[in-house]
Structure formats: C-alpha cells, structure tokens
file input_38.txt (compact mmCIF, C-alpha atoms)
# COMPACT_ATOMS: atom_id res chain seq x y z
CA MET L 1 -31.60 -15.42 6.00
CA GLU L 2 -28.21 -14.06 7.03
CA ARG L 3 -28.23 -10.27 6.86
CA MET L 4 -26.10 -7.54 8.37
CA LYS L 5 -27.46 -4.20 9.51
CA ALA L 6 -26.31 -1.03 7.79
CA ARG L 7 -24.46 0.16 10.89
CA GLN L 8 -22.58 -3.17 11.07
CA VAL L 9 -21.48 -2.84 7.44
CA LEU L 10 -20.44 0.76 8.12
CA SER L 11 -18.47 -0.31 11.20
CA ILE L 12 -16.45 -2.87 9.24
CA THR L 13 -15.98 -0.42 6.36
CA LEU L 14 -14.53 2.26 8.66
CA THR L 15 -12.32 -0.30 10.42
CA LEU L 16 -10.95 -1.45 7.08
CA PHE L 17 -10.34 2.14 6.00
CA ALA L 18 -8.40 2.80 9.22
CA VAL L 19 -6.29 -0.33 8.61
CA PHE L 20 -5.38 0.75 5.08
CA PHE L 21 -4.88 4.45 5.76
CA GLY L 22 -1.26 4.61 6.81
CA ALA L 23 1.96 6.45 6.11
CA GLY L 24 2.10 5.91 2.34
CA ASN L 25 -1.49 7.03 1.87
CA MET L 26 -0.58 10.39 3.39
CA ILE L 27 2.61 11.27 1.55
CA PHE L 28 2.30 10.04 -2.05
CA PRO L 29 -0.90 11.77 -3.28
CA PRO L 30 0.29 15.33 -2.45
CA ALA L 31 3.64 14.77 -4.17
CA MET L 32 1.86 13.22 -7.16
CA GLY L 33 -0.55 16.16 -7.37
CA GLN L 34 2.29 18.67 -7.44
CA GLN L 35 4.07 16.78 -10.23
CA ALA L 36 0.91 16.05 -12.25
CA GLY L 37 -0.38 19.65 -12.20
CA GLU L 38 -3.30 20.03 -14.63
CA HIS L 39 -3.33 16.26 -15.15
CA TYR L 40 -3.87 15.51 -11.48
CA ILE L 41 -7.30 13.90 -12.05
CA GLN L 42 -5.90 11.39 -14.56
CA ALA L 43 -2.96 10.65 -12.28
CA LEU L 44 -5.30 10.21 -9.33
CA ALA L 45 -7.42 7.73 -11.30
CA GLY L 46 -4.34 5.63 -12.03
CA PHE L 47 -3.26 5.80 -8.38
CA ILE L 48 -6.67 4.58 -7.20
CA VAL L 49 -6.62 1.66 -9.66
CA THR L 50 -3.34 0.22 -8.36
CA ASP L 51 -3.93 1.15 -4.72
CA ALA L 52 -7.55 0.76 -3.63
CA GLY L 53 -8.49 -1.17 -6.79
CA ILE L 54 -5.92 -3.96 -6.45
CA ALA L 55 -6.52 -4.10 -2.69
CA LEU L 56 -10.26 -4.62 -3.24
CA PHE L 57 -9.80 -7.29 -5.90
CA GLY L 58 -7.17 -8.97 -3.73
CA MET L 59 -9.54 -9.22 -0.78
CA ILE L 60 -12.29 -10.64 -2.99
CA ALA L 61 -9.85 -13.14 -4.51
CA VAL L 62 -8.83 -14.37 -1.05
CA VAL L 63 -12.40 -14.79 0.15
CA LEU L 64 -13.29 -16.66 -3.04
CA VAL L 65 -10.59 -19.30 -2.48
CA GLY L 66 -10.43 -19.42 1.33
CA THR L 67 -9.75 -17.10 4.24
CA GLU L 68 -6.12 -15.93 4.04
CA VAL L 69 -3.33 -15.14 1.62
CA SER L 70 -1.81 -18.63 1.87
CA ASP L 71 -5.06 -20.06 0.45
CA LEU L 72 -4.50 -17.97 -2.66
CA GLY L 73 -0.96 -19.29 -2.94
CA GLU L 74 -2.27 -22.86 -2.59
CA LEU L 75 -3.64 -22.52 -6.12
CA VAL L 76 -0.05 -23.12 -7.19
CA GLY L 77 1.16 -25.28 -4.32
CA ARG L 78 2.09 -25.41 -0.65
CA ARG L 79 5.66 -24.18 -1.11
CA PHE L 80 4.56 -21.29 -3.29
CA ALA L 81 1.88 -20.38 -0.71
CA ILE L 82 4.59 -20.03 1.94
CA PHE L 83 6.85 -18.12 -0.45
CA LEU L 84 4.05 -15.71 -1.41
CA SER L 85 3.06 -15.13 2.21
CA VAL L 86 6.65 -14.50 3.29
CA CYS L 87 7.23 -12.02 0.43
CA ILE L 88 4.08 -10.05 1.19
CA TYR L 89 4.73 -9.95 4.94
CA LEU L 90 8.28 -8.74 4.27
CA LEU L 91 6.98 -6.03 1.92
CA ILE L 92 4.36 -4.69 4.31
CA GLY L 93 6.67 -5.37 7.25
CA PRO L 94 10.35 -4.59 7.85
CA LEU L 95 11.49 -4.08 4.26
CA PHE L 96 9.31 -1.13 3.24
CA ALA L 97 6.00 -0.27 4.91
CA LEU L 98 7.08 -0.61 8.55
CA PRO L 99 10.26 1.54 8.33
CA ARG L 100 8.21 4.10 6.39
CA THR L 101 5.90 4.61 9.38
CA GLY L 102 8.90 5.77 11.38
CA SER L 103 10.27 7.93 8.57
CA VAL L 104 6.94 9.65 7.90
CA SER L 105 6.39 10.29 11.61
CA PHE L 106 9.77 12.01 11.81
CA GLU L 107 9.28 13.95 8.55
CA LEU L 108 5.88 15.40 9.51
CA ALA L 109 6.08 15.70 13.29
CA VAL L 110 9.71 16.73 13.94
CA ARG L 111 11.80 17.39 10.82
CA PRO L 112 10.23 20.80 9.93
CA TYR L 113 11.41 22.26 13.25
CA LEU L 114 15.08 21.25 12.90
CA THR L 115 18.13 22.91 11.43
CA GLU L 116 20.15 20.76 9.03
CA PRO L 117 23.09 19.79 11.33
CA ASN L 118 20.69 18.31 13.91
CA VAL L 119 18.60 16.17 11.56
CA TRP L 120 20.52 12.89 11.67
CA TRP L 121 20.86 12.47 15.43
CA VAL L 122 17.33 13.71 16.17
CA SER L 123 16.07 11.23 13.57
CA LEU L 124 17.84 8.43 15.46
CA ILE L 125 16.23 9.52 18.74
CA VAL L 126 12.71 9.97 17.33
CA THR L 127 12.65 6.73 15.32
CA GLY L 128 14.27 4.93 18.28
CA ILE L 129 11.43 6.11 20.55
CA PHE L 130 8.89 5.28 17.83
CA PHE L 131 10.00 1.67 17.37
CA GLY L 132 10.68 1.26 21.07
CA LEU L 133 7.03 2.15 21.73
CA THR L 134 5.99 -0.15 18.89
CA TYR L 135 7.85 -3.05 20.53
CA TYR L 136 6.41 -2.29 23.97
CA LEU L 137 2.83 -1.80 22.80
CA SER L 138 2.88 -4.81 20.46
CA GLY L 139 2.72 -7.01 23.55
CA ASN L 140 -0.90 -5.93 24.09
CA PRO L 141 -1.87 -3.98 20.97
CA LYS L 142 -5.63 -4.16 20.74
CA LYS L 143 -6.57 -1.60 23.39
CA VAL L 144 -3.91 0.90 22.27
CA VAL L 145 -4.76 0.58 18.57
CA ASN L 146 -8.49 0.96 19.28
CA LEU L 147 -7.87 4.04 21.45
CA ILE L 148 -5.64 5.76 18.91
CA GLY L 149 -7.85 4.75 16.00
CA LYS L 150 -11.01 5.98 17.73
CA TYR L 151 -9.71 9.47 18.49
CA LEU L 152 -6.64 10.33 16.41
CA THR L 153 -7.66 8.96 13.01
CA PRO L 154 -10.68 11.34 12.99
CA VAL L 155 -8.38 14.20 14.06
CA LEU L 156 -6.08 13.39 11.16
CA LEU L 157 -8.96 13.32 8.68
CA ILE L 158 -10.31 16.62 10.05
CA CYS L 159 -6.86 18.16 9.48
CA ILE L 160 -6.84 16.96 5.87
CA VAL L 161 -10.35 18.30 5.24
CA LEU L 162 -9.45 21.70 6.76
CA ILE L 163 -6.28 21.97 4.66
CA PHE L 164 -8.26 21.01 1.55
CA LEU L 165 -10.99 23.59 2.23
CA ALA L 166 -8.35 26.25 2.92
CA CYS L 167 -6.71 25.45 -0.44
CA VAL L 168 -10.08 25.68 -2.22
CA PHE L 169 -11.37 28.91 -0.67
CA MET L 170 -8.22 30.83 0.28
CA GLU L 171 -6.77 32.73 -2.66
CA LYS L 172 -3.34 33.08 -1.10
CA SER L 173 -1.50 32.14 2.05
CA PRO L 174 -1.95 34.55 4.97
CA HIS L 175 1.69 34.05 5.89
CA GLY L 176 3.28 33.91 2.44
CA ARG L 177 5.78 31.12 3.08
CA VAL L 178 4.22 28.77 0.54
CA GLN L 179 3.06 29.87 -2.91
CA TYR L 180 -0.39 28.81 -4.13
CA GLY L 181 -2.33 29.63 -7.25
CA SER L 182 -3.72 28.12 -10.41
CA ILE L 183 -2.79 24.52 -11.05
CA GLY L 184 0.48 24.38 -12.96
CA ALA L 185 1.72 22.42 -15.95
CA PRO L 186 2.46 18.70 -15.53
CA ARG L 187 6.07 17.62 -15.18
CA GLY L 188 8.01 14.62 -16.42
CA ALA L 189 6.01 11.52 -17.33
CA TYR L 190 2.81 13.18 -16.09
CA ALA L 191 2.83 15.36 -19.20
CA GLU L 192 2.55 12.35 -21.54
CA ILE L 193 1.11 9.42 -19.57
CA PRO L 194 -0.45 10.82 -16.37
CA PHE L 195 -2.83 7.90 -15.78
CA PHE L 196 -0.13 5.26 -16.12
CA GLN L 197 2.39 7.24 -14.11
CA GLY L 198 -0.27 7.52 -11.43
CA MET L 199 -0.54 3.73 -11.48
CA ILE L 200 3.16 3.48 -10.67
CA GLU L 201 2.67 5.91 -7.77
CA GLY L 202 -0.11 3.66 -6.50
CA TYR L 203 2.41 0.85 -6.08
CA TYR L 204 4.20 2.83 -3.39
CA ALA L 205 1.31 2.84 -0.93
CA LEU L 206 1.55 -0.99 -0.72
CA ASP L 207 -2.18 -1.44 -0.22
CA GLY L 208 -2.35 -3.95 -3.08
CA PRO L 209 -0.32 -6.68 -1.33
CA ALA L 210 -1.73 -5.59 2.04
CA GLY L 211 -5.25 -6.32 0.78
CA LEU L 212 -4.35 -10.00 0.52
CA VAL L 213 -3.30 -10.05 4.18
CA PHE L 214 -6.10 -7.85 5.51
CA ALA L 215 -8.87 -9.91 3.89
CA ILE L 216 -8.97 -12.01 7.05
CA ILE L 217 -10.05 -8.88 8.99
CA ILE L 218 -13.26 -8.58 6.97
CA ILE L 219 -13.93 -12.31 7.03
CA ASN L 220 -13.60 -12.54 10.81
CA ALA L 221 -15.63 -9.38 11.33
CA VAL L 222 -18.45 -10.59 9.08
CA ARG L 223 -18.50 -13.97 10.80
CA GLY L 224 -18.66 -12.13 14.11
CA PHE L 225 -22.05 -10.82 13.02
CA GLN L 226 -23.28 -14.39 12.53
CA VAL L 227 -22.83 -14.50 8.76
CA HIS L 228 -21.39 -17.87 7.75
CA GLU L 229 -22.62 -18.75 4.26
CA LYS L 230 -19.87 -18.40 1.68
CA LYS L 231 -21.94 -16.33 -0.76
CA ASN L 232 -22.93 -13.89 1.99
CA ILE L 233 -19.34 -13.52 3.22
CA ILE L 234 -18.31 -12.74 -0.35
CA LYS L 235 -21.17 -10.23 -0.70
CA TYR L 236 -20.33 -8.32 2.45
CA THR L 237 -16.60 -8.42 1.69
CA LEU L 238 -17.44 -6.70 -1.58
CA PHE L 239 -19.70 -4.12 0.11
CA CYS L 240 -17.26 -3.27 2.92
CA GLY L 241 -14.20 -3.34 0.67
CA ALA L 242 -15.85 -1.08 -1.92
CA GLY L 243 -16.95 1.31 0.83
CA ALA L 244 -13.41 1.54 2.24
CA ALA L 245 -12.03 2.05 -1.28
CA LEU L 246 -14.52 4.88 -1.86
CA ILE L 247 -13.53 6.67 1.36
CA LEU L 248 -9.85 6.25 0.49
CA SER L 249 -10.51 7.70 -2.97
CA VAL L 250 -12.18 10.81 -1.52
CA VAL L 251 -9.25 11.38 0.87
CA TYR L 252 -6.79 10.81 -2.00
CA TYR L 253 -8.59 13.44 -4.06
CA MET L 254 -8.23 16.04 -1.31
CA LEU L 255 -4.55 15.25 -0.78
CA THR L 256 -3.81 15.28 -4.53
CA TYR L 257 -5.60 18.59 -4.97
CA ILE L 258 -3.57 20.10 -2.12
CA GLY L 259 -0.40 19.13 -3.96
CA ALA L 260 -1.70 20.34 -7.32
CA VAL L 261 -2.36 23.91 -6.12
CA THR L 262 0.91 24.17 -4.17
CA GLN L 263 3.51 25.82 -6.37
CA THR L 264 6.44 25.87 -3.94
CA PRO L 265 8.49 22.70 -4.66
CA PHE L 266 9.08 20.12 -1.91
CA SER L 267 11.23 16.99 -1.84
CA ASN L 268 8.37 14.71 -0.78
CA GLY L 269 4.69 14.70 0.12
CA GLY L 270 5.35 14.68 3.84
CA THR L 271 7.22 17.98 3.91
CA LEU L 272 4.70 19.49 1.50
CA LEU L 273 1.72 18.56 3.65
CA HIS L 274 3.28 19.88 6.86
CA ALA L 275 4.36 23.14 5.24
CA VAL L 276 0.89 23.73 3.80
CA ALA L 277 -0.81 22.88 7.12
CA SER L 278 1.43 25.30 9.02
CA ASP L 279 0.98 27.99 6.40
CA LEU L 280 -2.79 27.83 5.99
CA LEU L 281 -3.83 26.85 9.52
CA GLY L 282 -0.99 28.47 11.45
CA PRO L 283 1.68 26.80 13.62
CA VAL L 284 -0.96 24.96 15.63
CA GLY L 285 -2.24 23.32 12.43
CA GLY L 286 1.22 21.94 11.65
CA ILE L 287 1.68 20.68 15.21
CA VAL L 288 -1.74 19.00 15.38
CA LEU L 289 -1.15 17.37 11.99
CA GLY L 290 2.28 16.17 13.07
CA VAL L 291 1.01 14.66 16.34
CA ALA L 292 -1.97 13.00 14.62
CA VAL L 293 0.28 11.53 11.91
CA PHE L 294 2.76 10.29 14.53
CA PHE L 295 0.12 8.32 16.40
CA ALA L 296 -1.70 7.20 13.25
CA CYS L 297 1.60 5.80 12.00
CA MET L 298 2.09 4.22 15.43
CA THR L 299 -1.23 2.41 15.01
CA THR L 300 -0.13 1.14 11.59
CA SER L 301 3.28 0.18 12.96
CA ILE L 302 1.77 -1.86 15.80
CA GLY L 303 -0.64 -3.58 13.43
CA LEU L 304 2.06 -4.47 10.92
CA THR L 305 4.48 -5.64 13.62
CA THR L 306 1.95 -7.90 15.35
CA SER L 307 0.76 -9.36 12.02
CA PHE L 308 4.34 -10.07 10.97
CA ALA L 309 5.31 -11.56 14.33
CA ASP L 310 2.16 -13.72 14.50
CA TYR L 311 2.78 -15.17 11.05
CA PHE L 312 6.47 -15.88 11.52
CA HIS L 313 5.92 -17.32 15.01
CA GLU L 314 3.45 -19.72 13.40
CA LEU L 315 6.01 -20.50 10.69
CA PHE L 316 8.91 -20.88 13.16
CA PRO L 317 7.40 -21.98 16.51
CA ASN L 318 10.84 -22.24 18.14
CA MET L 319 11.22 -18.44 17.89
CA SER L 320 9.21 -16.58 20.49
CA TYR L 321 6.74 -13.86 19.51
CA LYS L 322 8.66 -11.26 21.57
CA LYS L 323 11.98 -12.14 19.94
CA ILE L 324 10.53 -11.79 16.45
CA THR L 325 8.95 -8.48 17.44
CA ALA L 326 12.28 -7.21 18.80
CA ILE L 327 14.13 -8.18 15.60
CA VAL L 328 11.49 -6.56 13.38
CA CYS L 329 11.50 -3.30 15.36
CA LEU L 330 15.31 -3.09 15.46
CA PHE L 331 15.61 -3.79 11.73
CA SER L 332 12.88 -1.26 10.91
CA PHE L 333 14.61 1.34 13.08
CA VAL L 334 17.84 0.95 11.09
CA ILE L 335 16.11 1.04 7.69
CA SER L 336 13.92 4.03 8.61
CA ASN L 337 17.03 6.17 9.11
CA ILE L 338 18.15 5.97 5.50
CA GLY L 339 15.55 8.69 4.90
CA LEU L 340 12.11 8.84 3.32
CA ASP L 341 13.35 9.88 -0.12
CA MET L 342 15.84 7.00 -0.23
CA LEU L 343 13.20 4.50 0.94
CA VAL L 344 10.94 5.53 -1.91
CA GLN L 345 13.75 5.33 -4.45
CA VAL L 346 14.88 1.87 -3.34
CA SER L 347 11.37 0.45 -3.20
CA LEU L 348 10.38 1.38 -6.78
CA PRO L 349 12.11 -1.43 -8.75
CA VAL L 350 11.04 -4.07 -6.22
CA LEU L 351 7.41 -2.98 -6.31
CA MET L 352 7.41 -2.82 -10.09
CA MET L 353 8.43 -6.49 -10.10
CA ILE L 354 6.07 -7.68 -7.37
CA TYR L 355 2.83 -5.92 -8.32
CA PRO L 356 2.36 -7.46 -11.80
CA VAL L 357 2.87 -10.96 -10.38
CA THR L 358 0.31 -10.27 -7.65
CA VAL L 359 -2.19 -8.87 -10.16
CA VAL L 360 -1.84 -11.91 -12.43
CA LEU L 361 -2.46 -14.34 -9.56
CA VAL L 362 -5.46 -12.35 -8.31
CA ILE L 363 -7.06 -12.11 -11.77
CA LEU L 364 -6.49 -15.79 -12.56
CA SER L 365 -7.99 -16.79 -9.21
CA PHE L 366 -11.35 -15.49 -10.46
CA PHE L 367 -11.19 -18.19 -13.15
CA LYS L 368 -10.36 -20.97 -10.70
CA LYS L 369 -13.52 -22.88 -11.62
CA TRP L 370 -12.44 -23.19 -15.25
CA ILE L 371 -8.70 -23.56 -14.66
CA GLY L 372 -9.19 -26.51 -12.32
CA ASN L 373 -5.98 -28.26 -11.29
CA ARG L 374 -3.91 -26.90 -14.19
CA LYS L 375 -1.40 -25.13 -11.97
CA MET L 376 0.92 -24.25 -14.83
CA VAL L 377 -1.63 -21.60 -15.86
CA TYR L 378 -0.74 -19.70 -12.69
CA VAL L 379 2.96 -20.55 -12.80
CA LEU L 380 3.62 -19.52 -16.40
CA GLY L 381 1.33 -16.49 -16.24
CA MET L 382 3.18 -15.14 -13.22
CA LEU L 383 6.62 -16.18 -14.49
CA PHE L 384 6.23 -14.45 -17.86
CA ALA L 385 4.87 -11.33 -16.16
CA PHE L 386 7.76 -11.30 -13.70
CA CYS L 387 10.41 -11.57 -16.43
CA VAL L 388 9.16 -8.42 -18.18
CA ALA L 389 8.47 -6.62 -14.90
CA PHE L 390 12.02 -7.39 -13.76
CA VAL L 391 13.47 -5.76 -16.87
CA ASP L 392 11.17 -2.74 -16.42
CA GLY L 393 12.10 -2.47 -12.75
CA MET L 394 15.79 -2.48 -13.59
CA GLN L 395 15.25 0.13 -16.28
CA SER L 396 13.50 2.38 -13.72
CA VAL L 397 16.83 2.67 -11.87
CA LYS L 398 18.82 3.11 -15.11
CA ILE L 399 20.10 -0.48 -15.26
CA MET L 400 19.89 -1.77 -18.82
CA LEU L 401 20.13 -5.47 -19.71
CA GLY L 402 21.30 -5.04 -23.31
CA PRO L 403 19.32 -7.01 -25.90
CA VAL L 404 16.87 -8.22 -23.26
CA THR L 405 15.82 -4.66 -22.51
CA GLU L 406 15.63 -3.86 -26.22
CA PHE L 407 13.41 -6.90 -26.83
CA CYS L 408 11.05 -5.95 -24.00
CA ARG L 409 10.80 -2.41 -25.34
CA GLN L 410 9.13 -3.85 -28.45
CA LEU L 411 6.30 -5.36 -26.40
CA PRO L 412 2.87 -3.69 -26.58
CA PHE L 413 2.20 -1.27 -23.69
CA TYR L 414 5.81 -1.42 -22.45
CA ASP L 415 6.16 2.35 -22.70
CA LEU L 416 3.11 2.57 -20.42
CA ARG L 417 4.83 0.32 -17.82
CA LEU L 418 2.39 -2.47 -18.70
CA GLY L 419 4.56 -4.54 -21.00
CA TRP L 420 3.97 -7.60 -18.79
CA ILE L 421 0.28 -7.95 -19.79
CA ILE L 422 0.68 -9.76 -23.12
CA PRO L 423 3.41 -12.15 -21.81
CA ALA L 424 1.20 -12.95 -18.79
CA VAL L 425 -1.74 -13.82 -21.06
CA ALA L 426 0.55 -15.89 -23.29
CA GLY L 427 1.95 -17.74 -20.27
CA ALA L 428 -1.52 -18.50 -18.90
CA LEU L 429 -2.68 -19.82 -22.29
CA LEU L 430 0.46 -21.95 -22.57
CA GLY L 431 -0.39 -23.43 -19.19
CA LEU L 432 -3.69 -24.66 -20.62
CA LEU L 433 -2.01 -26.87 -23.20
CA PRO L 434 -2.38 -30.64 -22.60
CA ILE L 435 1.38 -31.20 -22.28
CA TRP L 436 1.72 -30.93 -18.52
CA LYS L 437 1.65 -33.99 -16.28
CA TYR L 438 -1.14 -32.83 -14.00
CA ASN L 439 -3.45 -32.38 -17.01
CA ARG L 440 -3.58 -36.15 -17.44
CA GLU L 441 -4.13 -36.97 -13.78

call {"tool": "encode", "arguments": {"input": "input_38.txt", "output": "structure tokens"}}
result
Amino acid sequence: MERMKARQVLSITLTLFAVFFGAGNMIFPPAMGQQAGEHYIQALAGFIVTDAGIALFGMIAVVLVGTEVSDLGELVGRRFAIFLSVCIYLLIGPLFALPRTGSVSFELAVRPYLTEPNVWWVSLIVTGIFFGLTYYLSGNPKKVVNLIGKYLTPVLLICIVLIFLACVFMEKSPHGRVQYGSIGAPRGAYAEIPFFQGMIEGYYALDGPAGLVFAIIIINAVRGFQVHEKKNIIKYTLFCGAGAALILSVVYYMLTYIGAVTQTPFSNGGTLLHAVASDLLGPVGGIVLGVAVFFACMTTSIGLTTSFADYFHELFPNMSYKKITAIVCLFSFVISNIGLDMLVQVSLPVLMMIYPVTVVLVILSFFKKWIGNRKMVYVLGMLFAFCVAFVDGMQSVKIMLGPVTEFCRQLPFYDLRLGWIIPAVAGALLGLLPIWKYNRE
C-alpha cells in the first residue's frame, strides 16, 4: 500500500506554503484589518475563502482531471486550454503578481527611509536591482530559492509573530509614532458586508489562479515519494493543500489583527506593517522585516519568472528561455514603478472578471463524470458568469454601462459582488440541453 510518512507530508505542506506566501499575502490582510475594524474576523473569513479556499479547490480540480492547468482547460478544448494557461501565467507573471514583488520590496525595505523628492529615482534603482537579480538568478534558480526559503522565510514569519504578540500584549507604543488601542469601527463596505468585501480583497493575493499552476508542485513531490495511484495522489494533494491553507489562515489572522488594532491610517498594508514593526520592535525590527521581505519577494519573483519562461518557451520554442526571461523582467520593472497603490487599483476590475470564471470552471470540473463530453456546460457557465462579472468589474472603477448595468443590478446577490452565480448556474443548465451537436455524437 502506498503511504507517505508524516514528515514527508509536512515537508510538502511547508514547501507549498512557502510557494504561496508572497508579496500580496503580506500587504493585503493588514490593510483589510484596519478598514474592517470590529468586523475584521468576518472580513478575514471572506479573504480566506477566495484566497486559500479557491487555491485549494483549484489544486484538487487539476489533480482530478490530470496534472497541470492545461488539463483543466482541455475540458472545454485545446484552444481554450492554451488561452486559460496564457491568461493565468500573465496574471501571476508580468501583469500583476511579478511587478508587485518589486513594488512591495521597495515599499517595505526602502521607502520608509526616504524623503518625498527622492522616492521616484530610488524606486527605479531598487526595482532595477531587484529585477536584474531576478534575471541573473533565474538562470539557476533552485539553489538560490532553496537557500532563501530555508532561512529567510522563517525569519519573516518570526517577525510577523513578534509584531502580533507585541500588538496583543503591549498597551501602547513605546515610541509613540503609531497609535494603537481598541479595535475601531468598520469603514466603507466593511460596515455592511464585511465577509463579502473580504472576498474581494482575497482576489488581490492571486493565490486562486496560482493554485491551478502550482498543483504540479504537489503532484511531482508526491510522486517523488513513490506514490503513483491516482486516488492516493488526490488524497495527499488534499492533505498537503489543506495544511498549507491552514498555515496561511493563521498567518492571515495575525496580519489582519495587526491592522485592526492600528489606528494611525496608512495608504497600504506594506507601509502599515513596516511602521508597526519599527515602532514596536525598534528600528532593527523594521530593518530585519524589510530585508526578509525583500528576499522573500525575490524568491517569489524567481519562481514566477522561471515558471512563466518555461511555459512560454514550450509554447514558442523559437524564443530562447533567456530572451523570454529578459523580456519578463524588463516589463515587470516598468510596471512595478507605477506604484503599489496604482497596481492594486488597476488590478481590481480585471480580477473581478477573471475569478468568477475560474471558480465556475473549477466547480464544474468536480462534476466531470456526469457532464461527460457536453462541453457547452463549461462554455455557457463561464460565459454567463463572465458577462455579469465584466459589468461588476467596470462598475468597481465607476464605469457604468447604462441599461446593462441596471439589469445586472437586479440579479440576486449582485450587491454582494456575487451576481454572477445565478447566470453561471443557468448557463451550465442550458449547456445540458440536447440541442448541441456534441450531445448527439
């Protein structure tokens, strides 16, 4: 019987946690906690659902249908599989996640020590060095990533735990630069719909789409321990994925609580976390946190760059791996310098359109046995979800589409940012009707 030892399961679980724990996981929970105030637990629950939750279900969905994200796309067809893979790699690569590693590194490690006139050119230098190192180290990433992950990820987690404990047990700051106290009143949407607003925040971390790509990590690791039966691979994927999600959830709680008890307003979670670390642990605390974040983001950056370059080199063999890596790093360098706040603002409508489509495909994949070859179930389910999600995404940036927006506002759950659910179900059911050509094949 194929069985893994507890320490082997733990090893894969910790590796998976390290892969997922990147820039977005650091900065969004503290900002969410400060905005959610007394409702921070509800907001955190929503965040976990769309971050760790979707990532876990995505990994399970992939292992149920094959070994990689393209296998999930094959449920619809070969062209869609390529389209889905390209979209996800762009999301977790040069469009959003990869530039964010550079932005967060600058915001936490360097930005707090600068005066305003020097910010822009120092940002260019720091992010230039960051992506230059990413390009250089992506040529032989494994040793570097393992070294950084082995030593600096624990340092980063220790910093978070120390800041959390200081917030819990220290009544006020010893330095007085940041105000702490009782958890304040919720602001904005967190006052009315904290759970659902937390779900939107969970989109930002990008772990949902990343889970589809990173499923291959678990599968290869499990097979490396001589587990080859499909049911056992699925079982250990569930165990390791759930373990990583649990660790992420604990870290998210600490970061959200830190934000909830911090009363001094900050523009984003990165500046908040550095200010609190420096205030509660002294200047050394801020410096250690900044250095640990810089190298942790470097690990994520190398991993994302190599994954992106490997996939696109396979897709376009005439382009060398090094050339693709150079293009990705240069593009990410440019995008990272529009600023962390702007990156977050620009990414919101795109993520609000992409996530519902991903969720629909993942959920429907669990019913593959009953859906059979009726591909229109997937197509119409995703299409109907996308149409409503597109309108909602546009509305999030104050772009109204006239009667189309008004129609969508009448849909159940639309005010909770979940108006796509009923159309997705309707589309999937429509795909079951015996009117499509493939149903008669």

call {"tool": "closest_residue", "arguments": {"input": "input_38.txt", "among": "L:Gly208, L:Lys230, L:Pro30, L:Ala389", "to": "L:Ala245", "atoms": "all atoms listed in the file"}}
result
L:Gly208

call {"tool": "closest_residue", "arguments": {"input": "input_38.txt", "among": "L:Thr67, L:Ser138, L:Asn268, L:Gln226", "to": "L:Ser307", "atoms": "all atoms listed in the file"}}
result
L:Ser138

call {"tool": "residues_around", "arguments": {"input": "input_38.txt", "residues": "L:Leu162", "least_positions_apart": "4", "cutoff": "9 Å", "atoms": "all atoms listed in the file", "output": "list of chain:residue names"}}
result
L:Leu157, L:Ile158, L:Ala166, L:Cys167, L:Ala277, L:Leu281

call {"tool": "closest_residue", "arguments": {"input": "input_38.txt", "among": "L:Val334, L:Met26, L:Leu98, L:Val126", "to": "L:Val293", "atoms": "only C-alpha atoms"}}
result
L:Met26

call {"tool": "atom_distance", "arguments": {"input": "input_38.txt", "atom1": "atom CA of L:Ala6", "atom2": "atom CA of L:Gly241"}}
result
14.2 Å

call {"tool": "residues_around", "arguments": {"input": "input_38.txt", "residues": "stretch 247-251 of chain L", "least_positions_apart": "2", "cutoff": "10 Å", "atoms": "only C-alpha atoms", "output": "PyMOL selection string"}}
result
chain L and resi 13-14+17-18+20-21+25-26+29+44-45+47-49+51-53+157+160-161+164+242-245+253-257
